[in-house]
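Let me begin by presenting the structure, written as structure tokens, before commenting on it.
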Amino acid sequence: MKILSLKNLSVSFGDKTVLSNVSFDIKTGEIAAIIGPNGSGKSTLFKAILGLVPFSGSIRISGHSIAEELHEVGYVPQYFDFDRTMPITVGELLSFTRRRTAHKESEEICKEVRVDLLVDKLIGTLSGGQLQRVLIAQALLKKPKLLLLDEPASGIDIEGAKAFYELIRHLNHEHNLTVLIISHEINTVYDFADQVICLNRNMVCFGPPHTTLDSATIEKLYGTKMTAHLH
Amino acid sequence: MLDILAYPFMQKALITGLFLGIVLSLIGVFVILRRMAFFSDGIAHASLSGAALGYLLNTNPLAVSIFFSAVFAVVIAQLEKRVKLSSDAVIGLIFTSGMAIGILLLSLGGGYRPELTTFLFGDILAIKWSEVFLIVGLGSMNIIFILWNYKRLALMVLNEDLAYVNGIKVDWLRNLLYVSIAVTVVMGMKVLGIILVSALLIIPIVSAKIIARSFHALMATSVTIGVITVLLGIMTSVRFDLPTGATIVLIGMGIFAILAIYSTLRQQLLSQGKG
């Protein structure tokens with residue numbers, strides 16, 4: 001069943017076109033990765049899906065409009081810039097967000113995402129990886145059907161990123177959670193995603209990474225001679 | 001000293017000071033979290049236009065100032081959203097044009113207006129009962145607004161996109177926050193004046209940050225410090241015949257200094273204990 005359906009999506013700011021005629025469908029339970037060079041419109045695509053920017057074309061979530069289904073979407077932004085000297089605990093940050101889970105269920109989610117031991121820590125003292133897990137927990141407290149992650153592994157070391165992707169895979173398998181993730185790590189996308197969407201203002205490719213991500217596609221996307229080596 | 005509490009001027013000053021200490025500190029938490037100190041300063045200066053118009057029309061200058069500040073706040077909020085200018089630039093435009101309008105209106109009034117100095121430097125000891133009721137009424141509304149919405153406000157200030165996805169009507173809440181800050185700032189001018197009002201939005205919160213270990217503790221501690229600062233400042237200024245606004249600010253700075261020294265010494269003792 002389609003959970004996300006985009007048809008001829010275009011976004012312009014003034015006379016600058018940021019996204020042009022993007023169309024794809026994501027099925028429930030899939031992990032879809034969006035790749036592309038900087039400035040290719042990846043974050044703008046997320047903002048359009050969330051209804052944060054005006055667009056032309058159509059975006060349907062579970063067959064309904066964005067406004068009707070926003071409560072089913074969890075979101076982890078790329079930048080979470082805040083004054084790190086402000087005393088806000090992890091527990092308080094999670095309490096600021098909308099919950100559709102009972103208290104016990106919330107505790108289970110925190111344990112699953114491994115933020116249960118961080119509840120009394122100040123968010124300004126968290127590492128990059130810990131903060132990302134907290135932001136995932138806040139998204140999951142909504143019991144979403146669709147989770148949008150904007151470059152969640154940026155600023156995290158290799159081990160942290162690996163653990164992070166394993167967590168996402170676990171959430172996808174355990175909760176049948178559909179995940180749409182923006183990533184720069186093509187090797188991770190190759191192993192991890194069911195579908196890949198290649199964006200460079202237009203849609204360059206869409207499909208399973210093993211059949212879609214070849215040298216020609218990568219060159220078309222990034223504009224450089226690159227070869228994909230399987231290892 | 002305590003017999004002075006029987007005087008109406010002191011009762012009015014303390015009642016007003018109590019409410020302003022609470023509301024300025026509560027609002028100040030979000031001013032600091034959102035880094036809006038310049039906004040507060042800008043609104044304070046721009047509201048001179050309202051005060052000047054109030055004096056010119058022989059009506060309540062505080063009420064007119066409050067209205068003008070609310071309008072300026074909404075204008076700033078909308079310009080920030082729609083125009084390709086930085087927040088500082090937008091506030092700077094409103095700040096300077098508001099003051100310029102005020103100066104122009106004052107020149108139309110002609111003559112020297114000594115009561116205008118109360119807007120520049122504050123004079124809580126000369127507050128009228130009508131102004132006390134206005135401040136208590138609006139202050140109470142602001143306190144209720146903050147306490148009812150503090151979680152939504154905190155999330156919106158931390159990340160507007162996240163707030164939106166969590167079902168918060170960000171545009172509305174942002175406008176309401178800006179208006180709330182503006183109205184609170186203008187009320188605070190009665191105590192500290194245009195020049196020093198920002199101090200009460202900043203000092204109690206910065207002091208509370210030294211010792212608070214959670215957001216709830218920050219709010220509670222800021223309010224406690226804010227109220228102590230204002231009430232102690234008023235009583236000290238009356239006892240020693242000092243300018244009230246400046247006395248309040250310096251007492252606030254004194255509390256900050258004590259907490260900063262305490263925190264530094266405590267950290268040194270703790271690290272010596274570990275070593």
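Chains: A, B, ... in order of the structure tokens. Residues: from 1 per chain. Ligands: from 1, in order shown.
Residues in contact with Leu173 in chain B at up to 12 Å, not including ones fewer than 4 positions away on its chain and judged by only C-alpha atoms, are Val74, Ala77, Phe145, Ile146, Asn149, Tyr150, Lys151, Arg152, Leu153, Ala154, Leu155, Met156, Val157, Glu160, Ala163, Tyr164, Gly167, Ile168, Lys169, Leu177, Tyr178, Val179 and Ser180 of chain B.
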>> Could you work out which residues of chain A fall inside 10 Å of chain B? Count only C-alpha atoms, and format the result as a ChimeraX atom specification.
In response: /A:47,50-52,67,70-77,79-99,120-123,135,138-139,142
>> Calculated over only C-alpha atoms, which of the candidates B:Met99, B:Ala220, B:Leu232, B:Val64 has the smallest distance to Met187 in chain B?
In response: B:Val64
>> For range 201-204 of chain A, find every residue with an atom within 7 Å (counting only C-alpha atoms), except residues of its own chain fewer than 3 positions away, and show them as JSON, numbers by chain.
In response: {"A": [18, 19, 20, 21, 22, 40, 41, 198, 221]}
File of the preceding selection, N, CA and C atoms, as a compact mmCIF listing (two decimals), in the first residue's frame:
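Once written, again_5.txt looks like this:
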```
# COMPACT_ATOMS: atom_id res chain seq x y z
N VAL A 18 13.84 25.10 -7.31
CA VAL A 18 14.63 24.25 -6.42
C VAL A 18 14.34 22.77 -6.69
N LEU A 19 13.08 22.48 -7.03
CA LEU A 19 12.69 21.11 -7.36
C LEU A 19 11.78 21.17 -8.58
N SER A 20 11.97 20.21 -9.48
CA SER A 20 11.18 20.25 -10.71
C SER A 20 10.65 18.87 -11.05
N ASN A 21 9.34 18.75 -11.09
CA ASN A 21 8.66 17.53 -11.55
C ASN A 21 9.16 16.25 -10.91
N VAL A 22 9.09 16.21 -9.62
CA VAL A 22 9.52 15.01 -8.89
C VAL A 22 8.29 14.14 -8.63
N SER A 40 20.67 20.20 -4.07
CA SER A 40 19.86 19.49 -5.06
C SER A 40 18.38 19.47 -4.70
N GLY A 41 18.03 20.00 -3.52
CA GLY A 41 16.62 20.10 -3.17
C GLY A 41 16.14 19.01 -2.20
N CYS A 198 17.19 9.63 -6.41
CA CYS A 198 18.34 10.48 -6.72
C CYS A 198 17.81 11.83 -7.17
N LEU A 221 24.22 12.23 -11.57
CA LEU A 221 23.79 12.88 -10.33
C LEU A 221 24.83 13.87 -9.82
```
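As for CA of Asn175 in chain B and CA of Gly54 in chain B, they are spaced 24.6 Å apart.
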>> Using only C-alpha atoms, which protein or nucleic acid residues come within 9 Å of range 235-238 of chain B? Drop anything in the same chain fewer than 5 positions from it, and give the result as an MDAnalysis selection string.
In response: chainID B and resid 1 4 10 14 125 230 243:248
>> Residues within 10 Å of Phe67 in chain B, please, as a count of residues only. Count only C-alpha atoms; anything in the same chain fewer than 5 positions from it doesn't count.
In response: 10
>> Just list as a PyMOL selection string whatever in range 30-199 of chain B DSSP marks as alpha helix (DSSP H).
In response: chain B and resi 30-33+37-46+48-56+61-82+87-109+116-121+129-158+160-165+170-196+198-199
Spatial neighbours of range 20-27 of chain B, 7 Å, only C-alpha atoms, chain gap at least 3 places, as a PDB file with N, CA, C and O atoms, in the first residue's frame:
```
ATOM      1  N   THR B  16       2.994  46.429  42.079  1.00  0.00           N
ATOM      2  CA  THR B  16       3.432  46.486  40.670  1.00  0.00           C
ATOM      3  C   THR B  16       4.757  45.749  40.498  1.00  0.00           C
ATOM      4  O   THR B  16       4.934  44.976  39.553  1.00  0.00           O
ATOM      5  N   GLY B  17       5.673  46.012  41.446  1.00  0.00           N
ATOM      6  CA  GLY B  17       6.989  45.370  41.374  1.00  0.00           C
ATOM      7  C   GLY B  17       6.891  43.860  41.439  1.00  0.00           C
ATOM      8  O   GLY B  17       7.598  43.140  40.718  1.00  0.00           O
ATOM      9  N   PHE B  30      12.174  33.062  27.704  1.00  0.00           N
ATOM     10  CA  PHE B  30      12.009  32.837  26.266  1.00  0.00           C
ATOM     11  C   PHE B  30      12.775  33.862  25.447  1.00  0.00           C
ATOM     12  O   PHE B  30      13.211  33.570  24.329  1.00  0.00           O
ATOM     13  N   VAL B  31      12.938  35.055  26.009  1.00  0.00           N
ATOM     14  CA  VAL B  31      13.760  36.070  25.334  1.00  0.00           C
ATOM     15  C   VAL B  31      15.195  35.565  25.225  1.00  0.00           C
ATOM     16  O   VAL B  31      15.825  35.668  24.169  1.00  0.00           O
ATOM     17  N   GLY B 139      -0.405  41.939  33.188  1.00  0.00           N
ATOM     18  CA  GLY B 139       0.623  41.041  33.707  1.00  0.00           C
ATOM     19  C   GLY B 139       0.054  39.667  34.001  1.00  0.00           C
ATOM     20  O   GLY B 139       0.665  38.644  33.675  1.00  0.00           O
ATOM     21  N   ASN B 142      -0.498  37.787  30.815  1.00  0.00           N
ATOM     22  CA  ASN B 142       0.776  37.292  30.282  1.00  0.00           C
ATOM     23  C   ASN B 142       1.267  36.085  31.057  1.00  0.00           C
ATOM     24  O   ASN B 142       1.793  35.125  30.483  1.00  0.00           O
ATOM     25  N   ILE B 143       1.127  36.129  32.371  1.00  0.00           N
ATOM     26  CA  ILE B 143       1.575  35.009  33.201  1.00  0.00           C
ATOM     27  C   ILE B 143       0.775  33.755  32.836  1.00  0.00           C
ATOM     28  O   ILE B 143       1.334  32.665  32.657  1.00  0.00           O
ATOM     29  N   ILE B 181       5.945  39.710  24.765  1.00  0.00           N
ATOM     30  CA  ILE B 181       7.224  40.315  25.152  1.00  0.00           C
ATOM     31  C   ILE B 181       7.119  41.829  25.093  1.00  0.00           C
ATOM     32  O   ILE B 181       7.533  42.539  26.013  1.00  0.00           O
ATOM     33  N   THR B 184       4.989  43.257  27.891  1.00  0.00           N
ATOM     34  CA  THR B 184       5.706  43.116  29.161  1.00  0.00           C
ATOM     35  C   THR B 184       6.824  44.144  29.269  1.00  0.00           C
ATOM     36  O   THR B 184       7.030  44.748  30.333  1.00  0.00           O
ATOM     37  N   GLY B 188       7.267  47.038  31.991  1.00  0.00           N
ATOM     38  CA  GLY B 188       8.504  47.083  32.774  1.00  0.00           C
ATOM     39  C   GLY B 188       9.172  48.444  32.732  1.00  0.00           C
ATOM     40  O   GLY B 188       9.914  48.813  33.648  1.00  0.00           O
ATOM     41  N   LEU B 200      15.923  43.570  33.323  1.00  0.00           N
ATOM     42  CA  LEU B 200      15.089  42.627  34.076  1.00  0.00           C
ATOM     43  C   LEU B 200      14.667  41.423  33.245  1.00  0.00           C
ATOM     44  O   LEU B 200      14.188  40.434  33.791  1.00  0.00           O
ATOM     45  N   LEU B 201      14.845  41.525  31.936  1.00  0.00           N
ATOM     46  CA  LEU B 201      14.568  40.363  31.087  1.00  0.00           C
ATOM     47  C   LEU B 201      15.774  39.447  31.026  1.00  0.00           C
ATOM     48  O   LEU B 201      15.660  38.301  30.625  1.00  0.00           O
ATOM     49  N   PRO B 204      17.839  38.219  35.767  1.00  0.00           N
ATOM     50  CA  PRO B 204      17.343  37.094  36.582  1.00  0.00           C
ATOM     51  C   PRO B 204      17.546  35.745  35.892  1.00  0.00           C
ATOM     52  O   PRO B 204      17.838  34.741  36.548  1.00  0.00           O
ATOM     53  N   ILE B 205      17.421  35.716  34.570  1.00  0.00           N
ATOM     54  CA  ILE B 205      17.516  34.438  33.850  1.00  0.00           C
ATOM     55  C   ILE B 205      18.975  33.997  33.779  1.00  0.00           C
ATOM     56  O   ILE B 205      19.295  32.819  34.006  1.00  0.00           O
ATOM     57  N   MET B 219      12.754  28.351  35.134  1.00  0.00           N
ATOM     58  CA  MET B 219      11.598  29.262  35.214  1.00  0.00           C
ATOM     59  C   MET B 219      11.347  29.677  36.664  1.00  0.00           C
ATOM     60  O   MET B 219      11.191  30.859  36.970  1.00  0.00           O
ATOM     61  N   SER B 222      14.273  31.845  38.033  1.00  0.00           N
ATOM     62  CA  SER B 222      14.268  33.183  37.411  1.00  0.00           C
ATOM     63  C   SER B 222      13.223  34.070  38.069  1.00  0.00           C
ATOM     64  O   SER B 222      13.482  35.237  38.379  1.00  0.00           O
ATOM     65  N   VAL B 223      12.037  33.516  38.264  1.00  0.00           N
ATOM     66  CA  VAL B 223      10.951  34.295  38.879  1.00  0.00           C
ATOM     67  C   VAL B 223      11.337  34.693  40.307  1.00  0.00           C
ATOM     68  O   VAL B 223      11.148  35.840  40.716  1.00  0.00           O
ATOM     69  N   GLY B 226      13.938  37.332  40.098  1.00  0.00           N
ATOM     70  CA  GLY B 226      13.332  38.558  39.563  1.00  0.00           C
ATOM     71  C   GLY B 226      12.528  39.293  40.622  1.00  0.00           C
ATOM     72  O   GLY B 226      12.653  40.510  40.784  1.00  0.00           O
ATOM     73  N   VAL B 227      11.723  38.559  41.358  1.00  0.00           N
ATOM     74  CA  VAL B 227      10.872  39.188  42.378  1.00  0.00           C
ATOM     75  C   VAL B 227      11.736  39.778  43.507  1.00  0.00           C
ATOM     76  O   VAL B 227      11.521  40.906  43.934  1.00  0.00           O
ATOM     77  N   VAL B 230      13.483  42.971  42.276  1.00  0.00           N
ATOM     78  CA  VAL B 230      12.620  44.163  42.151  1.00  0.00           C
ATOM     79  C   VAL B 230      12.204  44.677  43.526  1.00  0.00           C
ATOM     80  O   VAL B 230      12.317  45.873  43.819  1.00  0.00           O
TER      81      VAL B 230
END
```
> What gap, in Å, lies between CA of Thr44 in chain A and CA of Gln195 in chain A?
Replying inline: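 Going from CA of Thr44 in chain A over to CA of Gln195 in chain A covers 19.1 Å.
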>> One number please: CA of Gly42 in chain B to CA of Ala260 in chain B, in Å, one decimal.
In response: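 Separation of CA of Gly42 in chain B and CA of Ala260 in chain B: 28.5 Å.
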>> Using DSSP assignments from the backbone, pull out every residue in range 13-231 of chain A that falls under strand (DSSP E) and give it to me as number ranges by chain.
In response: A: 13, 16-27, 31-35, 56-61, 73-76, 146-150, 178-182, 195-200, 202-207
> Which polymer residues have any atom within 8 Å of an atom of Leu196 in chain B, counting only C-alpha atoms, with same-chain residues fewer than 2 positions away left out, as a PyMOL selection string?
Replying inline: chain B and resi 121+189+192-194+198-200+245-246+249
Prev. selection, C-alpha atoms, output as a PDB file, in the first residue's frame:
```pdb
ATOM      1  CA  PHE B 121      14.331  56.153  33.500  1.00  0.00           C
ATOM      2  CA  MET B 189       9.467  50.546  31.562  1.00  0.00           C
ATOM      3  CA  LEU B 192      13.191  50.771  34.894  1.00  0.00           C
ATOM      4  CA  GLY B 193      12.524  53.044  31.940  1.00  0.00           C
ATOM      5  CA  ILE B 194      13.389  52.569  28.301  1.00  0.00           C
ATOM      6  CA  SER B 198      16.026  44.937  29.217  1.00  0.00           C
ATOM      7  CA  ALA B 199      18.042  44.308  32.368  1.00  0.00           C
ATOM      8  CA  LEU B 200      15.089  42.627  34.076  1.00  0.00           C
ATOM      9  CA  GLY B 245      15.526  51.669  38.332  1.00  0.00           C
ATOM     10  CA  ALA B 246      19.296  51.830  38.688  1.00  0.00           C
ATOM     11  CA  VAL B 249      19.600  46.703  38.186  1.00  0.00           C
TER      12      VAL B 249
END
```
> With distances taken over only C-alpha atoms, which of A:Ser43, A:Phe55, A:Ile109, A:Gly63 is nearest to Glu174 in chain A?
Replying inline: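 Nearest to Glu174 in chain A: A:Ile109.
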